[in-house]
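J.: Just my_file-v2.txt, nothing more (compact mmCIF, C-alpha atoms):
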# COMPACT_ATOMS: atom_id res chain seq x y z
CA MET A 205 -16.08 29.66 5.74
CA GLU A 206 -16.69 26.22 4.29
CA GLU A 207 -17.41 23.38 6.69
CA ARG A 208 -18.24 19.86 5.61
CA HIS A 209 -19.30 17.02 7.91
CA ILE A 210 -18.86 13.42 6.81
CA PRO A 211 -21.21 10.98 8.62
CA ALA A 212 -19.59 7.86 10.06
CA HIS A 213 -20.44 4.32 9.02
CA GLU A 214 -22.45 2.21 11.45
CA LEU A 215 -20.23 1.13 14.39
CA HIS A 216 -20.57 -1.56 17.07
CA GLU A 217 -22.94 -0.62 19.87
CA ASP A 218 -20.14 -0.82 22.45
CA SER A 219 -17.67 1.27 20.41
CA GLU A 220 -18.06 4.24 22.76
CA MET A 221 -17.42 2.15 25.86
CA HIS A 222 -14.50 0.27 24.32
CA PRO A 223 -13.07 2.48 21.54
CA ARG A 224 -10.09 0.16 20.74
CA THR A 225 -12.09 -3.03 20.14
CA LYS A 226 -10.03 -3.98 17.10
CA SER A 227 -6.27 -3.84 16.52
CA LEU A 228 -5.12 -3.77 12.91
CA THR A 229 -2.14 -5.82 11.75
CA HIS A 230 0.96 -4.29 10.18
CA THR A 231 -0.20 -5.57 6.81
CA GLN A 232 -3.62 -3.94 7.16
CA ARG A 233 -2.02 -0.62 8.12
CA LEU A 234 0.20 -0.75 5.03
CA ARG A 235 -2.75 -1.66 2.84
CA ASN A 236 -4.66 1.34 4.25
CA LEU A 237 -1.67 3.59 3.46
CA LEU A 238 -1.65 2.17 -0.06
CA ASP A 239 -5.41 2.78 -0.33
CA ILE A 240 -4.88 6.41 0.69
CA SER A 241 -2.18 6.81 -1.99
CA VAL A 242 -4.55 5.38 -4.60
CA LEU A 243 -7.34 7.72 -3.43
CA LEU A 244 -5.05 10.73 -3.79
CA THR A 245 -4.44 9.84 -7.45
CA SER A 246 -8.07 9.03 -8.26
CA TYR A 247 -9.80 12.39 -7.83
CA GLU A 248 -9.46 15.75 -9.56
CA SER A 249 -9.10 17.74 -6.33
CA ALA A 250 -7.87 17.09 -2.81
CA ALA A 251 -11.18 18.42 -1.45
CA GLU A 252 -12.93 15.38 -2.98
CA THR A 253 -10.39 13.04 -1.41
CA ILE A 254 -10.20 14.40 2.16
CA PRO A 255 -13.54 12.91 3.34
CA LEU A 256 -12.46 9.48 2.13
CA VAL A 257 -9.05 9.84 3.81
CA LEU A 258 -10.73 10.75 7.12
CA GLU A 259 -12.83 7.61 6.86
CA LYS A 260 -9.60 5.60 6.38
CA PHE A 261 -8.17 7.27 9.52
CA ALA A 262 -11.30 6.33 11.46
CA ALA A 263 -11.27 2.73 10.24
CA THR A 264 -7.59 2.33 11.14
CA LEU A 265 -7.41 4.17 14.48
CA SER A 266 -10.93 3.70 16.00
CA LEU A 267 -11.57 7.41 16.52
CA ARG A 268 -14.16 9.59 18.20
CA SER A 269 -13.66 12.23 15.52
CA ALA A 270 -11.20 13.57 12.96
CA VAL A 271 -10.80 17.03 11.41
CA VAL A 272 -8.86 18.56 8.53
CA PHE A 273 -8.54 22.36 8.70
CA LEU A 274 -7.20 24.28 5.67
CA GLU A 275 -6.52 27.98 5.69
CA PRO A 276 -8.21 30.39 5.53
CA ASP A 277 -11.18 28.49 7.07
CA GLN A 278 -12.07 25.29 5.25
CA VAL A 279 -13.05 22.42 7.56
CA PHE A 280 -13.77 18.73 6.95
CA THR A 281 -14.95 16.58 9.88
CA TRP A 282 -15.71 12.92 10.56
CA THR A 283 -17.55 11.94 13.77
CA ASN A 284 -18.62 8.66 15.33
CA GLN A 285 -22.40 8.46 14.97
CA ALA A 286 -22.73 7.30 18.57
CA LEU A 287 -21.58 10.74 19.78
CA PRO A 288 -23.68 13.92 20.26
CA ASP A 289 -24.16 16.25 17.29
CA THR A 290 -22.07 18.88 19.07
CA GLU A 291 -18.93 16.71 18.81
CA ALA A 292 -18.27 17.71 15.19
CA ALA A 293 -18.46 21.45 15.91
CA GLU A 294 -16.27 21.12 19.00
CA ALA A 295 -13.69 19.08 17.10
CA ALA A 296 -13.65 21.64 14.27
CA GLU A 297 -13.08 24.47 16.74
CA THR A 298 -10.21 22.49 18.28
CA ALA A 299 -8.57 22.27 14.86
CA ARG A 300 -8.97 26.03 14.23
CA ARG A 301 -7.56 26.85 17.65
CA SER A 302 -4.64 24.44 17.20
CA TYR A 303 -3.75 26.00 13.85
CA ARG A 304 -3.85 29.55 15.20
CA THR A 305 -1.97 28.69 18.40
CA LEU A 306 0.72 26.46 16.94
CA PHE A 307 1.39 27.97 13.53
CA GLN A 308 -0.45 31.16 12.60
CA ASP A 309 0.44 33.26 15.65
CA THR A 310 4.14 32.28 15.85
CA PRO A 311 7.08 33.86 13.95
CA GLU A 312 8.24 30.47 12.69
CA ALA A 313 4.79 29.49 11.38
CA GLY A 314 5.94 29.19 7.78
CA ASN A 315 8.56 26.60 8.75
CA ALA A 316 6.64 24.54 11.29
CA GLU A 317 8.23 21.23 12.16
CA ARG A 318 6.33 17.99 11.61
CA ARG A 319 5.73 17.43 15.29
CA VAL A 320 2.89 15.73 17.11
CA GLN A 321 1.00 17.75 19.72
CA THR A 322 -1.05 15.70 22.18
CA THR A 323 -3.56 17.32 24.57
CA PRO A 324 -6.38 15.98 26.78
CA TRP A 325 -9.84 16.02 25.20
CA GLN A 326 -12.08 17.47 27.90
CA LYS A 327 -15.31 16.08 26.43
CA ALA A 328 -14.50 12.48 27.44
CA GLY A 329 -12.34 11.08 30.20
CA GLY A 330 -9.14 9.47 28.94
CA ALA A 331 -9.50 10.75 25.39
CA VAL A 332 -6.80 12.86 23.75
CA SER A 333 -6.57 15.03 20.67
CA ILE A 334 -3.48 14.70 18.47
CA THR A 335 -2.52 17.45 16.03
CA LEU A 336 -0.17 17.30 13.04
CA PRO A 337 0.49 20.16 10.60
CA LEU A 338 -0.15 19.90 6.88
CA THR A 339 3.31 21.13 5.93
CA THR A 340 5.52 21.32 2.85
CA HIS A 341 9.06 22.67 2.84
CA ARG A 342 8.36 25.18 0.04
CA VAL A 343 5.03 26.65 1.14
CA GLY A 344 5.09 26.04 4.89
CA THR A 345 2.03 25.11 6.95
CA ILE A 346 -1.29 25.15 5.07
CA GLY A 347 -3.48 23.59 7.75
CA VAL A 348 -3.69 20.90 10.42
CA VAL A 349 -5.15 17.45 10.93
CA VAL A 350 -6.60 16.59 14.34
CA ILE A 351 -7.70 13.15 15.53
CA ILE A 352 -9.50 12.49 18.80
CA GLY A 353 -9.59 9.06 20.41
CA TYR A 354 -8.03 6.68 22.91
CA GLU A 355 -4.86 4.61 23.45
CA PHE A 356 -2.71 5.74 20.53
CA ASP A 357 0.58 3.82 20.36
CA GLU A 358 3.79 4.39 18.38
CA GLU A 359 2.49 2.45 15.37
CA ASP A 360 -0.64 4.64 15.34
CA LEU A 361 1.49 7.79 15.33
CA LEU A 362 3.76 6.46 12.55
CA TYR A 363 0.71 5.57 10.43
CA PHE A 364 -0.89 8.98 11.15
CA ASP A 365 2.30 10.93 10.36
CA THR A 366 2.90 9.04 7.09
CA ALA A 367 -0.70 9.47 5.90
CA VAL A 368 -0.75 13.19 6.78
CA ASN A 369 2.50 13.67 4.84
CA GLN A 370 0.90 12.14 1.74
CA LEU A 371 -2.19 14.34 2.20
CA SER A 372 0.03 17.46 2.48
CA LEU A 373 1.67 16.70 -0.86
CA ALA A 374 -1.69 16.11 -2.54
CA ILE A 375 -3.16 19.38 -1.23
CA LEU A 376 -0.07 21.33 -2.32
CA ARG A 377 -0.32 19.95 -5.85
CA ASP A 378 -4.03 20.76 -5.88
CA LEU A 379 -3.27 24.38 -4.90
CA ARG A 380 -0.64 24.66 -7.64
CA ILE A 381 -2.97 23.27 -10.30
CA ARG A 382 -5.80 25.64 -9.31
CA SER A 383 -3.39 28.58 -9.29
CA GLN A 384 -2.17 27.70 -12.76
CA GLN A 385 -5.74 27.33 -14.00
CA SER A 386 -6.76 30.76 -12.62
CA ALA A 387 -3.74 32.48 -14.15
CA GLY A 388 -4.22 30.84 -17.52
CA GLU A 389 -7.96 31.43 -18.09
CA GLN A 390 -8.43 33.03 -21.49
CA LYS A 391 -10.17 32.53 -24.81
CA VAL A 392 -8.33 30.12 -27.06
CA THR A 393 -8.85 28.78 -30.58
CA THR A 394 -9.82 25.15 -31.23
CA ALA A 395 -6.21 24.24 -31.97
CA GLU A 396 -4.96 25.97 -28.82
CA ARG A 397 -7.64 24.23 -26.74
CA ALA A 398 -6.54 20.84 -28.06
CA ARG A 399 -2.93 21.64 -27.22
CA SER A 400 -3.94 22.80 -23.74
CA GLU A 401 -5.84 19.56 -23.09
CA ALA A 402 -2.83 17.53 -24.20
CA GLU A 403 -0.57 19.51 -21.87
CA SER A 404 -3.03 19.05 -18.99
CA ALA A 405 -3.05 15.30 -19.56
CA GLN A 406 0.73 15.30 -19.53
CA ALA A 407 0.77 17.36 -16.33
CA GLU A 408 -1.67 14.94 -14.69
CA ALA A 409 0.50 12.00 -15.69
CA GLU A 410 3.52 13.80 -14.22
CA ARG A 411 1.58 14.54 -11.02
CA ILE A 412 0.72 10.87 -10.61
CA ARG A 413 4.33 9.91 -11.33
CA ARG A 414 5.58 12.30 -8.61
CA LEU A 415 3.06 10.92 -6.17
CA GLN A 416 4.25 7.40 -6.89
CA GLU A 417 7.84 8.51 -6.31
CA ASP A 418 6.74 10.06 -3.02
CA LEU A 419 5.16 6.74 -2.04
CA LEU A 420 8.37 4.94 -2.99
CA ALA A 421 10.36 7.31 -0.78
CA VAL A 422 7.94 6.89 2.15
CA VAL A 423 8.00 3.09 1.93
CA SER A 424 11.77 2.94 1.45
CA HIS A 425 12.70 5.28 4.29
CA ASP A 426 9.86 5.81 6.77
CA LEU A 427 8.80 2.14 6.89
CA LYS A 428 11.74 0.00 5.76
CA ASN A 429 14.36 1.47 8.10
CA PRO A 430 12.37 1.07 11.36
CA LEU A 431 11.41 -2.46 10.30
CA THR A 432 15.05 -3.41 9.79
CA SER A 433 15.74 -2.25 13.34
CA ILE A 434 12.87 -4.40 14.65
CA LEU A 435 14.20 -7.49 12.85
CA ILE A 436 17.78 -6.99 14.06
CA ASN A 437 16.78 -6.42 17.68
CA SER A 438 14.35 -9.37 17.72
CA GLU A 439 17.18 -11.57 16.41
CA LEU A 440 19.42 -10.34 19.23
CA LEU A 441 16.69 -11.03 21.80
CA THR A 442 16.61 -14.70 20.78
CA LEU A 443 20.27 -14.94 21.79
CA THR A 444 19.61 -13.54 25.26
CA GLU A 445 20.33 -16.00 28.05
CA GLY A 446 17.62 -16.67 30.60
CA LEU A 447 14.74 -15.84 28.24
CA ASP A 448 11.72 -17.93 29.32
CA ASP A 449 9.47 -19.85 26.93
CA ILE A 450 6.67 -17.26 26.95
CA ALA A 451 9.10 -14.48 26.09
CA ARG A 452 10.58 -16.55 23.26
CA ILE A 453 7.10 -17.15 21.81
CA LYS A 454 6.40 -13.42 21.88
CA VAL A 455 9.74 -12.59 20.24
CA ALA A 456 9.02 -15.19 17.54
CA ALA A 457 5.64 -13.55 16.91
CA VAL A 458 7.32 -10.15 16.52
CA ARG A 459 9.84 -11.61 14.04
CA LYS A 460 7.08 -13.31 12.04
CA SER A 461 5.05 -10.08 11.78
CA ALA A 462 8.14 -8.11 10.86
CA ARG A 463 9.05 -10.57 8.10
CA GLN A 464 5.49 -10.34 6.74
CA MET A 465 5.77 -6.55 6.69
CA GLN A 466 9.17 -6.82 5.02
CA SER A 467 7.65 -9.00 2.27
CA LEU A 468 4.79 -6.53 1.73
CA ILE A 469 7.18 -3.57 1.62
CA SER A 470 9.28 -5.42 -0.96
CA ASP A 471 6.12 -5.96 -3.05
CA LEU A 472 5.19 -2.27 -2.77
CA LEU A 473 8.67 -1.21 -3.88
CA ASP A 474 8.68 -3.62 -6.84
CA TRP A 475 5.20 -2.54 -7.94
CA THR A 476 6.10 1.16 -7.77
CA LYS A 477 9.41 0.66 -9.61
CA LEU A 478 7.66 -1.33 -12.34
CA ASP A 479 4.98 1.34 -12.68
CA LEU A 480 7.63 4.05 -13.00
CA GLY A 481 9.77 1.99 -15.40
CA ARG A 482 12.67 2.14 -12.97
CA LEU A 483 13.23 -1.58 -12.36
CA ALA A 484 16.66 -2.55 -13.70
CA LEU A 485 17.17 -6.12 -14.94
CA GLN A 486 20.50 -7.96 -14.64
CA LYS A 487 20.16 -10.47 -17.48
CA GLU A 488 22.37 -13.52 -18.05
CA SER A 489 22.15 -16.81 -19.95
CA CYS A 490 20.52 -19.41 -17.69
CA ARG A 491 19.95 -23.16 -18.12
CA LEU A 492 16.28 -24.09 -17.75
CA ASP A 493 16.87 -27.09 -15.47
CA ARG A 494 19.07 -25.12 -13.05
CA LEU A 495 16.67 -22.17 -13.00
CA MET A 496 13.78 -24.48 -12.13
CA ALA A 497 15.83 -26.41 -9.57
CA ASP A 498 16.64 -23.16 -7.76
CA ALA A 499 12.92 -22.27 -7.66
CA VAL A 500 11.99 -25.71 -6.28
CA GLU A 501 14.70 -25.52 -3.61
CA LEU A 502 13.50 -22.06 -2.58
CA MET A 503 9.87 -23.16 -2.27
CA GLN A 504 10.45 -26.67 -0.85
CA PRO A 505 9.55 -25.75 2.78
CA ILE A 506 6.20 -24.31 1.65
CA ILE A 507 5.51 -27.32 -0.57
CA GLU A 508 6.23 -29.71 2.30
CA ARG A 509 4.02 -27.77 4.73
CA SER A 510 1.18 -27.91 2.20
CA ALA A 511 1.55 -31.72 1.91
CA VAL A 512 1.32 -31.68 -1.89
CA GLN A 513 3.37 -33.56 -4.50
CA LEU A 514 5.60 -31.43 -6.73
CA LYS A 515 7.04 -32.82 -9.97
CA THR A 516 9.22 -31.07 -12.55
CA ARG A 517 9.64 -31.68 -16.27
CA VAL A 518 11.93 -29.80 -18.65
CA VAL A 519 12.59 -30.53 -22.34
CA PRO A 520 15.38 -30.18 -23.31
CA ALA A 521 17.13 -29.85 -19.95
CA ALA A 522 20.17 -27.99 -21.30
CA ALA A 523 18.16 -25.34 -23.16
CA ARG A 524 18.93 -21.77 -22.11
CA VAL A 525 17.05 -18.51 -21.72
CA GLU A 526 18.39 -14.98 -21.20
CA CYS A 527 16.82 -13.44 -18.12
CA ASP A 528 17.41 -11.86 -14.73
CA PRO A 529 17.48 -15.06 -12.63
CA LYS A 530 16.59 -13.27 -9.39
CA ARG A 531 13.46 -11.71 -10.90
CA ILE A 532 12.36 -14.84 -12.74
CA LEU A 533 12.77 -16.84 -9.52
CA GLN A 534 10.51 -14.23 -7.92
CA VAL A 535 7.89 -14.99 -10.59
CA PHE A 536 8.22 -18.77 -10.13
CA SER A 537 8.04 -18.44 -6.34
CA ASN A 538 4.77 -16.56 -6.63
CA LEU A 539 3.24 -19.10 -9.01
CA LEU A 540 4.42 -22.13 -6.98
CA GLY A 541 3.33 -20.50 -3.71
CA ASN A 542 -0.16 -19.82 -5.09
CA ALA A 543 -0.38 -23.38 -6.41
CA ALA A 544 0.55 -24.77 -2.98
CA LYS A 545 -1.97 -22.47 -1.30
CA PHE A 546 -4.91 -23.52 -3.46
CA THR A 547 -4.07 -27.23 -3.88
CA PRO A 548 -5.63 -29.46 -1.19
CA SER A 549 -3.46 -31.77 0.91
CA GLY A 550 -2.35 -34.76 -1.14
CA GLY A 551 -2.82 -32.89 -4.41
CA ARG A 552 -0.33 -32.50 -7.25
CA ILE A 553 1.66 -29.64 -8.80
CA LEU A 554 3.57 -29.96 -12.08
CA PHE A 555 6.33 -27.43 -12.82
CA ALA A 556 7.32 -27.79 -16.49
CA ALA A 557 9.30 -26.06 -19.24
CA ALA A 558 9.52 -26.62 -22.99
CA VAL A 559 11.00 -24.88 -26.01
CA LYS A 560 8.31 -23.88 -28.51
CA GLU A 561 9.32 -22.08 -31.70
CA ARG A 562 11.24 -18.98 -30.50
CA GLU A 563 10.03 -19.07 -26.92
CA VAL A 564 10.71 -20.97 -23.72
CA VAL A 565 7.35 -21.70 -22.09
CA PHE A 566 7.24 -22.46 -18.36
CA SER A 567 4.05 -23.72 -16.72
CA VAL A 568 2.76 -24.38 -13.20
CA THR A 569 -0.24 -26.72 -13.09
CA ASP A 570 -2.15 -27.54 -9.90
CA SER A 571 -4.99 -29.89 -8.99
CA GLY A 572 -6.84 -27.26 -7.00
CA PRO A 573 -10.43 -26.02 -7.37
CA GLY A 574 -9.77 -23.91 -10.47
CA ILE A 575 -10.76 -20.31 -11.13
CA PRO A 576 -14.27 -19.33 -12.32
CA ALA A 577 -14.36 -17.79 -15.80
CA ASN A 578 -15.79 -14.49 -14.53
CA LEU A 579 -12.81 -13.99 -12.17
CA GLN A 580 -10.03 -14.93 -14.59
CA PRO A 581 -9.78 -11.46 -16.27
CA HIS A 582 -9.02 -9.92 -12.86
CA VAL A 583 -6.29 -12.32 -11.69
CA PHE A 584 -3.36 -10.14 -12.85
CA GLU A 585 -4.87 -6.84 -11.68
CA ARG A 586 -3.02 -5.12 -8.85
CA LEU A 587 -4.75 -5.17 -5.44
CA TRP A 588 -7.19 -7.87 -6.62
CA GLN A 589 -7.63 -10.99 -4.51
CA ALA A 590 -9.74 -14.11 -4.82
CA PRO A 591 -12.78 -13.89 -2.50
CA GLU A 592 -11.64 -16.86 -0.39
CA THR A 593 -8.23 -15.27 0.28
CA ALA A 594 -9.24 -11.61 0.67
CA GLY A 595 -7.22 -9.98 3.46
CA SER A 596 -4.37 -12.53 3.40
CA GLY A 597 -2.04 -10.22 1.47
CA ALA A 598 -1.83 -7.01 -0.53
CA GLY A 599 -2.99 -8.53 -3.83
CA LEU A 600 0.20 -7.47 -5.63
CA GLY A 601 1.92 -10.81 -6.27
CA LEU A 602 0.53 -11.72 -9.69
CA ALA A 603 0.48 -8.07 -10.83
CA ILE A 604 4.21 -7.88 -10.04
CA ALA A 605 4.83 -11.24 -11.74
CA LYS A 606 3.10 -9.94 -14.88
CA GLY A 607 5.20 -6.75 -14.80
CA LEU A 608 8.44 -8.71 -14.38
CA VAL A 609 7.64 -11.08 -17.24
CA GLU A 610 6.67 -8.23 -19.56
CA ALA A 611 9.87 -6.38 -18.59
CA HIS A 612 11.69 -9.39 -20.08
CA GLY A 613 9.68 -9.06 -23.30
CA GLY A 614 7.63 -12.11 -22.36
CA ARG A 615 4.00 -13.09 -21.76
CA ILE A 616 2.05 -14.54 -18.82
CA TRP A 617 -1.44 -16.03 -18.89
CA LEU A 618 -3.60 -18.69 -17.31
CA GLU A 619 -5.92 -21.51 -18.30
CA SER A 620 -8.37 -22.82 -15.74
CA GLU A 621 -11.60 -24.77 -15.44
CA PRO A 622 -13.52 -24.96 -12.16
CA GLY A 623 -13.04 -28.35 -10.53
CA LYS A 624 -10.07 -29.26 -12.74
CA GLY A 625 -7.28 -27.00 -11.46
CA SER A 626 -5.35 -24.16 -13.06
CA THR A 627 -2.25 -23.71 -15.21
CA PHE A 628 -0.22 -20.50 -15.28
CA PHE A 629 2.11 -20.03 -18.27
CA VAL A 630 5.21 -17.84 -18.60
CA ALA A 631 6.72 -17.44 -22.07
CA LEU A 632 10.16 -15.81 -22.46
CA PRO A 633 12.10 -15.13 -25.68
CA GLN A 634 14.62 -17.92 -26.30
CA THR A 635 18.32 -17.12 -26.28
Starting from the file, lay out its structure as structure tokens.

T.:
Amino acid sequence: MEERHIPAHELHEDSEMHPRTKSLTHTQRLRNLLDISVLLTSYESAAETIPLVLEKFAATLSLRSAVVFLEPDQVFTWTNQALPDTEAAEAAETARRSYRTLFQDTPEAGNAERRVQTTPWQKAGGAVSITLPLTTHRVGTIGVVVIIGYEFDEEDLLYFDTAVNQLSLAILRDLRIRSQQSAGEQKVTTAERARSEAESAQAEAERIRRLQEDLLAVVSHDLKNPLTSILINSELLTLTEGLDDIARIKVAAVRKSARQMQSLISDLLDWTKLDLGRLALQKESCRLDRLMADAVELMQPIIERSAVQLKTRVVPAAARVECDPKRILQVFSNLLGNAAKFTPSGGRILFAAAVKEREVVFSVTDSGPGIPANLQPHVFERLWQAPETAGSGAGLGLAIAKGLVEAHGGRIWLESEPGKGSTFFVALPQT
């Protein structure tokens, strides 16, 4: 038997009295799911990743404890430090018992459904333990995940189910890789060893690609479809007669959060498609002045709310560029939105375009605070955010913009000096 206990981080002193002291936003839940996906691609084995995933569960759901049990008897536990030392052992035994009762001792164990089992946790009044199987359709159930805590709602269960599904896939791939390694152990020549290493690297790349496709499927189906339902029904609620002002404010808050989630999901889908090389471009010949006018019209409400002055300049106006207008507008929207965000009220933004040699070079210049030289190399990295805006988004916008520009055969870069603003450039091949 292998049992590993992961100590919890320091928690608030009143966390035991009030276990749900903090409610995460939809965006934070999605970012945590994305973090889990990145973790599952960053380590050589699932066993190295499980402790980190349990910590993500704890941070998201405010738990007493969490356990992963893998057959035949491998246990990983996380426990709130404010609880007695016996909590970890009791939680681990709960996971073993749940696995035996629900899956090992039943005829249909190999085809267990992905169902949630909720039972009272006798060690604390009001607490419950929730069990989900680690299941794949080819192998069946290979273990269970149990979380113990308070006040789980539907969003908690959706987050938990989605994360456990990703963990199941990672563990299955880990088992396959170890099985292949055991079966293939033998003495090889130097040339054969080199070939084997090359094949392993290719297999790892394929594993990561499959995981990314799994993430794309999860985001597209398990998150996007329920969100569409929320948006439609909140729209219908606004048309309901007799709805008082307080109710309308609450419905508006739901719609705003849902739209923010929809934007983040769209970013996640674009990032994954770009990473997999599956983003199709619909190119056409576009006039520079009309392309820029469309971008300005799209971003005008944000510019007005930011109380900044936006000017455009294009030379020559009738010049053309071959591009996917929808995707290039997405790039311009990101650059103009960032400029409006970082430019103080009353500041200026210049949106310009010029033909230079065989390229059309667009630029967005702001009068904001500028970007320090040590941060500039990180600006186009995915999941990176400026310190002053950390937590305000997923940190994918500029990474996606870079991918879209490069998909057009173009370049994107920035020039900035602290205290003198920033300029972002996009160069596309001229038609």

J.: Would you please work out which residue, of A:Leu258, A:Val343, A:Ala462, A:Val368, is nearest to Ser433 of chain A when using all atoms listed in the file?

T.: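 Looking at the shortest contact to Ser433 of chain A, the residue is A:Ala462.
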
J.: Work out how far atom CA of Leu338 of chain A is from atom CA of Leu234 of chain A, in Å to one decimal.

T.: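 About the pair atom CA of Leu234 of chain A and atom CA of Leu338 of chain A: they are 20.7 Å apart.
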
J.: Using all atoms listed in the file, pick whichever of A:Val257, A:Ala250, A:Leu435, A:Leu539 has the shortest atom-to-atom distance to Ile381 of chain A.

T.: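 Among the listed residues, A:Ala250 lies closest to Ile381 of chain A.
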
J.: Could you state the separation of atom CA of Phe280 of chain A and atom CA of Ala251 of chain A in Å, given to one decimal place?

T.: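 If I compute the distance from atom CA of Phe280 of chain A to atom CA of Ala251 of chain A, I get 8.8 Å.
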
J.: What is the atom CA of Ala522 of chain A-atom CA of Gln534 of chain A distance in Å, reported with one decimal?

T.: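 Atom-to-atom, atom CA of Ala522 of chain A to atom CA of Gln534 of chain A, that is 21.5 Å.
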
J.: Which residues are near Leu608 of chain A? Cut-off 8 Å, only C-alpha atoms, ignore same chain within fewer than 6 positions. Put them as number ranges by chain.

T.: A: 478, 531-532, 535

J.: Which residues come within 10 Å of segment 482-485 of chain A, counting all atoms listed in the file, excluding same-chain residues fewer than 2 positions away, as a list in words?

T.: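 After dropping sequence-adjacent residues, the list is Leu473, Asp474, Trp475, Thr476, Lys477, Leu478, Asp479, Leu480, Lys487, Glu488, Cys527, Asp528, Pro529, Lys530, Arg531, Gly607, Leu608, Ala611 and His612 of chain A.
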
J.: Output C-alpha atoms of each residue in that selection to a file, as a PDB file, in the frame of the given file.

T.:
ATOM      1  CA  LEU A 473       8.670  -1.210  -3.880  1.00  0.00           C
ATOM      2  CA  ASP A 474       8.680  -3.620  -6.840  1.00  0.00           C
ATOM      3  CA  TRP A 475       5.200  -2.540  -7.940  1.00  0.00           C
ATOM      4  CA  THR A 476       6.100   1.160  -7.770  1.00  0.00           C
ATOM      5  CA  LYS A 477       9.410   0.660  -9.610  1.00  0.00           C
ATOM      6  CA  LEU A 478       7.660  -1.330 -12.340  1.00  0.00           C
ATOM      7  CA  ASP A 479       4.980   1.340 -12.680  1.00  0.00           C
ATOM      8  CA  LEU A 480       7.630   4.050 -13.000  1.00  0.00           C
ATOM      9  CA  LYS A 487      20.160 -10.470 -17.480  1.00  0.00           C
ATOM     10  CA  GLU A 488      22.370 -13.520 -18.050  1.00  0.00           C
ATOM     11  CA  CYS A 527      16.820 -13.440 -18.120  1.00  0.00           C
ATOM     12  CA  ASP A 528      17.410 -11.860 -14.730  1.00  0.00           C
ATOM     13  CA  PRO A 529      17.480 -15.060 -12.630  1.00  0.00           C
ATOM     14  CA  LYS A 530      16.590 -13.270  -9.390  1.00  0.00           C
ATOM     15  CA  ARG A 531      13.460 -11.710 -10.900  1.00  0.00           C
ATOM     16  CA  GLY A 607       5.200  -6.750 -14.800  1.00  0.00           C
ATOM     17  CA  LEU A 608       8.440  -8.710 -14.380  1.00  0.00           C
ATOM     18  CA  ALA A 611       9.870  -6.380 -18.590  1.00  0.00           C
ATOM     19  CA  HIS A 612      11.690  -9.390 -20.080  1.00  0.00           C
TER      20      HIS A 612
END

J.: Counting all atoms listed in the file, which residue out of A:Pro288, A:Pro337, A:Gly347, A:Gly353 sits closest to Thr264 of chain A?

T.: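 Nearest to Thr264 of chain A: A:Gly353.
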
J.: For Arg380 of chain A, which residue among A:Ser241, A:Gln285, A:Asn236, A:Ser249 is the nearest when counting only C-alpha atoms?

T.: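 Answer, going by the shortest atom-to-atom distance: A:Ser249.
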
J.: Rank nothing, just name the residue among A:Ile351, A:Leu336, A:Val512, A:Ala367 nearest to Arg268 of chain A, using only C-alpha atoms.

T.: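 Nearest candidate to Arg268 of chain A out of A:Ile351, A:Leu336, A:Val512, A:Ala367: A:Ile351.
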
J.: Measuring between all atoms listed in the file, which one of A:Asn542, A:Glu501, A:Val609, A:Pro633 shows the shortest distance to Arg562 of chain A?

T.: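 Closest candidate: A:Pro633.
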
J.: Compute the distance from (10.2, -24.0, -1.8) to each atom, counting only C-alpha atoms, keep the residues with any atom at most 12 Å away, and return them as a list in words; use the coordinates of the file.

T.: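 Within 12 Å of (10.2, -24.0, -1.8), the protein and nucleic acid residues are Met496, Ala497, Asp498, Ala499, Val500, Glu501, Leu502, Met503, Gln504, Pro505, Ile506, Ile507, Glu508, Arg509, Ser510, Val512, Leu514, Leu533, Gln534, Phe536, Ser537, Asn538, Leu539, Leu540, Gly541, Asn542, Ala543 and Ala544 of chain A.
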
J.: Once 5 Å is added on each side, what are the centre and the three edge lengths, in Å to one decimal, of the axis-aligned box enclosing the listed atoms of segment 533-536 of chain A? Present them as JSON.

T.:
{"center_x": 10.3, "center_y": -16.5, "center_z": -9.3, "size_x": 14.9, "size_y": 14.5, "size_z": 12.7}

J.: Quick one: everything within 10 Å of Ala262 of chain A, counting all atoms listed in the file, minus sequence neighbours fewer than 5 positions away in the same chain. Send it as a PyMOL selection string.

T.: chain A and resi 212-213+256-257+267-270+282-284+351-353

J.: I'd like the contact shell of Val242 of chain A - 12 Å cut-off, only C-alpha atoms, skipping same-chain residues fewer than 4 positions apart - returned as a PyMOL selection string.

T.: chain A and resi 235-238+246-247+253+256-257+367+370-371+374+412+415-416+419+476+586-587

J.: Could you save those same residues with C-alpha atoms as an mmCIF file, in the coordinates of the input?

T.:
data_model
loop_
_atom_site.group_PDB
_atom_site.id
_atom_site.type_symbol
_atom_site.label_atom_id
_atom_site.label_comp_id
_atom_site.auth_asym_id
_atom_site.auth_seq_id
_atom_site.Cartn_x
_atom_site.Cartn_y
_atom_site.Cartn_z
ATOM 1 C CA ARG A 235 -2.750 -1.660 2.840
ATOM 2 C CA ASN A 236 -4.660 1.340 4.250
ATOM 3 C CA LEU A 237 -1.670 3.590 3.460
ATOM 4 C CA LEU A 238 -1.650 2.170 -0.060
ATOM 5 C CA SER A 246 -8.070 9.030 -8.260
ATOM 6 C CA TYR A 247 -9.800 12.390 -7.830
ATOM 7 C CA THR A 253 -10.390 13.040 -1.410
ATOM 8 C CA LEU A 256 -12.460 9.480 2.130
ATOM 9 C CA VAL A 257 -9.050 9.840 3.810
ATOM 10 C CA ALA A 367 -0.700 9.470 5.900
ATOM 11 C CA GLN A 370 0.900 12.140 1.740
ATOM 12 C CA LEU A 371 -2.190 14.340 2.200
ATOM 13 C CA ALA A 374 -1.690 16.110 -2.540
ATOM 14 C CA ILE A 412 0.720 10.870 -10.610
ATOM 15 C CA LEU A 415 3.060 10.920 -6.170
ATOM 16 C CA GLN A 416 4.250 7.400 -6.890
ATOM 17 C CA LEU A 419 5.160 6.740 -2.040
ATOM 18 C CA THR A 476 6.100 1.160 -7.770
ATOM 19 C CA ARG A 586 -3.020 -5.120 -8.850
ATOM 20 C CA LEU A 587 -4.750 -5.170 -5.440
#
